[in-house]
There are 2 protein chains.
Amino acid sequence: MNSISTQPFSVNGRDYAPAQRPIVVICLDGSADEYFDAALARDRMPNLKAMSVRGYRGFARGAMPSFTNVNNSSIVTGVPPSVHGIGGNFFFDTASGEEVMMNSSKFLRAETIFPVAARAGRRVAVVTAKEKLRDIFASGLFAESASAGSHGPTGGIAFSSERANLARVETHGIGDVEPLVGKPTPAIYSGDASLYVLWAGVALLERHRADFLYLSTTDFMQHKYAPETPEALDFYAAIDVELGRLQKLGAVVGVTADHGMNAKQKADGTPNVIYLESVLTEKFGPGFRVILPITDPYVVHHGALGSFAVVHLPPGQAADPVHQWLMQFEGVSEVYDRATAARKLELPEDRMGELVVMAGRHAVLGRTPEYHDLKAIEGGLRSHGGRYEEMVPLVFSEPLNPVYAAKASGDPRNFDVFDFTINGTH
Amino acid sequence: MNSISTQPFSVNGRDYAPAQRPIVVICLDGSADEYFDAALARDRMPNLKAMSVRGYRGFARGAMPSFTNVNNSSIVTGVPPSVHGIGGNFFFDTASGEEVMMNSSKFLRAETIFPVAARAGRRVAVVTAKEKLRDIFASGLFAESASAGSHGPTGGIAFSSERANLARVETHGIGDVEPLVGKPTPAIYSGDASLYVLWAGVALLERHRADFLYLSTTDFMQHKYAPETPEALDFYAAIDVELGRLQKLGAVVGVTADHGMNAKQKADGTPNVIYLESVLTEKFGPGFRVILPITDPYVVHHGALGSFAVVHLPPGQAADPVHQWLMQFEGVSEVYDRATAARKLELPEDRMGELVVMAGRHAVLGRTPEYHDLKAIEGGLRSHGGRYEEMVPLVFSEPLNPVYAAKASGDPRNFDVFDFTINGTH
């Protein structure tokens, strides 16, 4: 008999009182609501359809910028980037003068829900597609991972489908992923990289090896395929099968996304880019440093082109004229000074530049034409990062209780998803 | 035999080349995408489902502010408010010192598509729920209605369901609405006020009295009922029946909305309002005038509370400190000075105040507590006007041709709907 702990716990000011059922929270990377719409209209997601009628389907507001690391960090901590500190994949460390990638839990300023749930008796498993997120998710679970909490490692399971075959008991809490899932480690640039995450979740639940799961996919498919393409429809149909299996295994399932996804092209099919470093240098002179926090080791998705940029000004350059001038670009939707960006976009002020720039629904921001390898996105650019990729789906397998139904009709955030799944459905 | 004109025509810089089929464009007032989702998940909109698979379903970006007059004016002219001049239901005329309601076509600075289509041989019919919109829609059709064009009246049909029984041939192009529709004039505060618009459209098409129709409903139901309520589901099921009938009659059907709709309440169910005139007066002293361009004669919908406001400053008051101070309110999403608002939100600069303020997904802006009659919205406040009600559905009954499919995947606007319906589906 595998008993499931109902011991309540608290993380970052939120109280969680879980029912005696497995909890599964899924973050479908880049899953704009249109993907659900297209698949549902073609009867390809019967389990999602049933969830939305029996449980709940609506929209949630994500964290800005609408990027993967930022929003996954918010989801697993339950707090905005201003608190957890991950405001992008990259930031410019003005002290060291270096551009720093934030793929490590050492940049995380808040404890995640996982070690706390584990200490409350939950058997935690975190499965991600991209290895880059594993260190943040594993924070506090193993001796090797730094943690913002003050306790020792709790144990649990945390691995990526990208490196499923490299998972070891000592460092990942599991050493037999491939036999467990019954499939070999997938290629990262594939739909299977994401489906593998869900297959692993089902297998872990089935073998009673976890009862508190976070499954976080990757958006290779959404970057590459529009919602109504056969590839996207097949992908979502395969996701739906696993949504059904998780529920059949007794889990309460909560689904959200880290960000949406929009085509960012001109009429001729080329990327619709404003090269900020180029235009700023031409207008105001040299010394601008533009950080594109979408930049990560997986450039095939987006060529490091997203709809959010941080601008570090040259010494002595006043911010306001640059701010005003950037607002004149048709593709620029919003520009904020650092303090305003920190307040209105809930960003970590010390990891931002003097200005924050967002692009509209069909535009992205770049550094210089030379900086970006557009070969990677010859098939067309779909990307995210700005305000028009902020709203994401929020779906639950169970009906919401009155308190959470009221919350859902207000301004729910995607990083409320653990709160809703645990507290809102019983 | 009723032949249908295929003569091309141009309006406000756009060229239209209609096929020999009836054209029906529908604006479902306040129809946030969630209404479709909820009804589709419960199999209540089979015709919409078929349209979205055979034709197209996606999102379009509306005009700001996300209000009815603004967006309907954009839809019928094909241009943003900066061109057609209707930036709200109300503006403050600084010359006369009066707050002016813009329900009249005399405020419209661009010709609508209707008289031009009529001159090209199309039999035009415009049916709206609210009488307030009729004068703008009828512009150029009858001798009584002022027109931005230079031609004489063209004839056509234009009436509201609210005053269906008062339509006369000389002034409305039709005098027998009730016998035609087979139902009495509906109450304006009802779902039938909107359904009547669609019933009339079907009847006009059936009797070959029109082949170029614009059907614009009212959002009483959406203000009052959330998407998953039985009342909303029944309403959308009834809309779906008419979508089917219009297609059976051979029409190409395009559907969009003027704006979305969100709950704007606190956890206790009371309206989540920032009373701008009150807080500004307390902070900066007297003399502020706050215009709420949602204000119209139909206050039962929303109590004049929306997520967009225009601020006229007292003489001598600098804009920037007020701008910065307003940005500190959690419920305020964006603030712009007049020139920036005109450029980024495509607003008519001469009809705006010194500052434009938008509220977030769950907040609205008011003048003073005394100004608003909250009794009208005791059942709960759902409203619109800001950025979070900007994205609306865009649906077509026919597959889009490659050029318009590409446009649809970019940044289509709701006021492209005539262009898409006429040019994009053949």
# chains A, B, ... in the order shown; residues from 1 in each chain; ligands from 1

$ residues_around --residues "segment 290-300 of chain B" --least-positions-apart "2" --cutoff "6 Å" --atoms "only C-alpha atoms" --output "MDAnalysis selection string"
chainID B and resid 88:90 277 302:304 309:311 376

$ interface_residues --of "chain B" --to "chain A" --cutoff "7 Å" --atoms "only C-alpha atoms" --output "ChimeraX atom specification"
/B:34,41-42,49,52-53,58,263-265,267,361-362,406,409-411

$ write_last_selection --atoms "C-alpha atoms" --output "mmCIF file, in the first residue's frame"
data_model
loop_
_atom_site.group_PDB
_atom_site.id
_atom_site.type_symbol
_atom_site.label_atom_id
_atom_site.label_comp_id
_atom_site.auth_asym_id
_atom_site.auth_seq_id
_atom_site.Cartn_x
_atom_site.Cartn_y
_atom_site.Cartn_z
ATOM 1 C CA GLU B 34 -13.603 32.102 -23.586
ATOM 2 C CA ALA B 41 -16.396 22.222 -25.104
ATOM 3 C CA ARG B 42 -20.054 21.481 -24.340
ATOM 4 C CA LYS B 49 -16.729 24.276 -34.777
ATOM 5 C CA SER B 52 -13.063 26.808 -37.493
ATOM 6 C CA VAL B 53 -12.037 23.516 -39.116
ATOM 7 C CA GLY B 58 -7.741 32.636 -34.487
ATOM 8 C CA ALA B 263 -14.430 40.068 -14.249
ATOM 9 C CA LYS B 264 -13.382 43.259 -12.471
ATOM 10 C CA GLN B 265 -14.065 42.414 -8.871
ATOM 11 C CA ALA B 267 -12.418 38.740 -3.690
ATOM 12 C CA ARG B 361 -7.246 42.452 -16.202
ATOM 13 C CA HIS B 362 -9.205 42.640 -12.953
ATOM 14 C CA ALA B 406 -0.202 34.703 -43.991
ATOM 15 C CA SER B 409 -0.750 34.479 -38.788
ATOM 16 C CA GLY B 410 0.773 37.950 -38.389
ATOM 17 C CA ASP B 411 -0.987 40.669 -36.458
#

$ residues_around --residues "segment 163-167 of chain A" --least-positions-apart "2" --cutoff "9 Å" --atoms "only C-alpha atoms" --output "VMD selection string"
chain A and resid 129 to 131 158 to 161 169 to 178 184 to 186

$ closest_residue --among "B:Gly13, B:Pro22, B:Pro348, B:Pro393" --to "His84 of chain B" --atoms "only C-alpha atoms"
B:Pro348

$ closest_residue --among "A:Gly152, A:Pro179, A:Gly62, A:Gly366" --to "Ser31 of chain A" --atoms "only C-alpha atoms"
A:Gly62

$ residues_around --residues "Ala125 of chain A" --least-positions-apart "6" --cutoff "7 Å" --atoms "only C-alpha atoms" --output "JSON, numbers by chain"
{"A": [156, 157, 158, 210, 212, 213, 214]}

$ residues_around --residues "His223 of chain A" --least-positions-apart "5" --cutoff "8 Å" --atoms "only C-alpha atoms" --output "mmCIF file with all heavy atoms, in the first residue's frame"
data_model
loop_
_atom_site.group_PDB
_atom_site.id
_atom_site.type_symbol
_atom_site.label_atom_id
_atom_site.label_comp_id
_atom_site.auth_asym_id
_atom_site.auth_seq_id
_atom_site.Cartn_x
_atom_site.Cartn_y
_atom_site.Cartn_z
ATOM 1 N N GLY A 30 5.311 27.007 -24.254
ATOM 2 C CA GLY A 30 4.911 27.672 -25.496
ATOM 3 C C GLY A 30 3.526 27.330 -25.984
ATOM 4 O O GLY A 30 3.196 27.545 -27.153
ATOM 5 N N MET A 261 2.812 31.943 -28.004
ATOM 6 C CA MET A 261 3.680 31.839 -29.185
ATOM 7 C C MET A 261 2.988 32.537 -30.355
ATOM 8 O O MET A 261 1.809 32.284 -30.606
ATOM 9 C CB MET A 261 3.892 30.363 -29.525
ATOM 10 C CG MET A 261 4.910 30.081 -30.597
ATOM 11 S SD MET A 261 6.607 30.337 -30.040
ATOM 12 C CE MET A 261 6.840 28.935 -28.947
ATOM 13 N N HIS A 301 15.310 26.790 -31.887
ATOM 14 C CA HIS A 301 13.918 27.187 -31.677
ATOM 15 C C HIS A 301 13.623 28.573 -32.243
ATOM 16 O O HIS A 301 12.587 28.807 -32.822
ATOM 17 C CB HIS A 301 13.582 27.217 -30.182
ATOM 18 C CG HIS A 301 13.612 25.890 -29.514
ATOM 19 N ND1 HIS A 301 12.641 25.492 -28.630
ATOM 20 C CD2 HIS A 301 14.471 24.861 -29.582
ATOM 21 C CE1 HIS A 301 12.927 24.283 -28.173
ATOM 22 N NE2 HIS A 301 14.029 23.876 -28.735
ATOM 23 N N HIS A 302 14.508 29.527 -32.004
ATOM 24 C CA HIS A 302 14.135 30.926 -32.190
ATOM 25 C C HIS A 302 15.267 31.836 -32.650
ATOM 26 O O HIS A 302 15.057 33.033 -32.840
ATOM 27 C CB HIS A 302 13.558 31.473 -30.887
ATOM 28 C CG HIS A 302 14.390 31.095 -29.685
ATOM 29 N ND1 HIS A 302 15.685 31.490 -29.532
ATOM 30 C CD2 HIS A 302 14.099 30.315 -28.609
ATOM 31 C CE1 HIS A 302 16.170 31.000 -28.404
ATOM 32 N NE2 HIS A 302 15.235 30.258 -27.815
ATOM 33 N N LEU A 381 9.766 32.205 -38.417
ATOM 34 C CA LEU A 381 10.020 32.515 -37.005
ATOM 35 C C LEU A 381 8.711 32.608 -36.228
ATOM 36 O O LEU A 381 7.839 33.412 -36.533
ATOM 37 C CB LEU A 381 10.789 33.835 -36.881
ATOM 38 C CG LEU A 381 11.063 34.308 -35.447
ATOM 39 C CD1 LEU A 381 11.892 33.292 -34.664
ATOM 40 C CD2 LEU A 381 11.740 35.674 -35.441
ATOM 41 N N ARG A 382 8.583 31.766 -35.226
ATOM 42 C CA ARG A 382 7.513 31.891 -34.224
ATOM 43 C C ARG A 382 8.244 32.075 -32.900
ATOM 44 O O ARG A 382 9.150 31.326 -32.578
ATOM 45 C CB ARG A 382 6.632 30.635 -34.187
ATOM 46 C CG ARG A 382 5.921 30.349 -35.517
ATOM 47 C CD ARG A 382 5.169 29.023 -35.497
ATOM 48 N NE ARG A 382 4.250 28.912 -34.395
ATOM 49 C CZ ARG A 382 3.049 29.497 -34.345
ATOM 50 N NH1 ARG A 382 2.640 30.240 -35.364
ATOM 51 N NH2 ARG A 382 2.278 29.354 -33.301
ATOM 52 N N SER A 383 7.840 33.089 -32.148
ATOM 53 C CA SER A 383 8.572 33.329 -30.906
ATOM 54 C C SER A 383 7.684 33.983 -29.855
ATOM 55 O O SER A 383 6.444 34.002 -29.982
ATOM 56 C CB SER A 383 9.841 34.155 -31.183
ATOM 57 O OG SER A 383 10.722 34.092 -30.086
#

$ closest_residue --among "A:Leu280, A:Cys27, A:Leu205, A:Val181" --to "Ala257 of chain A" --atoms "only C-alpha atoms"
A:Cys27

$ closest_residue --among "B:Val202, B:Leu215, B:Leu305, B:Val116" --to "Leu249 of chain B" --atoms "only C-alpha atoms"
B:Val202

$ atom_distance --atom1 "atom CA of Arg122 of chain B" --atom2 "atom CA of Pro18 of chain B"
9.6 Å

$ residues_around --residues "Thr77 of chain A" --least-positions-apart "5" --cutoff "10 Å" --atoms "only C-alpha atoms" --output "list in words"
Val11, Asn12, Arg14, Asn71, Asn72, Val83, His84, Leu108, Arg109, Ala110, Glu111, Thr112, Ile113, Phe114, Phe137, Phe415, Asp416 and Phe418 of chain A

$ residues_around --residues "Pro115 of chain A" --least-positions-apart "4" --cutoff "7 Å" --atoms "only C-alpha atoms" --output "CSV table (one decimal) with N, CA and C atoms, in the first residue's frame"
chain,number,residue,atom,x,y,z
A,119,ARG,N,9.7,17.3,2.4
A,119,ARG,CA,9.8,17.2,3.8
A,119,ARG,C,8.4,16.9,4.5
A,140,GLY,N,17.7,21.9,-3.8
A,140,GLY,CA,17.3,21.4,-2.5
A,140,GLY,C,17.0,19.9,-2.4
A,141,LEU,N,16.9,19.2,-3.5
A,141,LEU,CA,16.6,17.8,-3.5
A,141,LEU,C,17.8,17.0,-3.2
A,154,THR,N,16.5,16.7,0.5
A,154,THR,CA,15.3,15.9,0.9
A,154,THR,C,15.2,14.6,0.1

$ atom_distance --atom1 "atom CA of Phe284 of chain B" --atom2 "atom CA of Val335 of chain A"
26.1 Å

$ atom_distance --atom1 "atom CA of Thr281 of chain A" --atom2 "atom CA of Ser66 of chain A"
26.6 Å
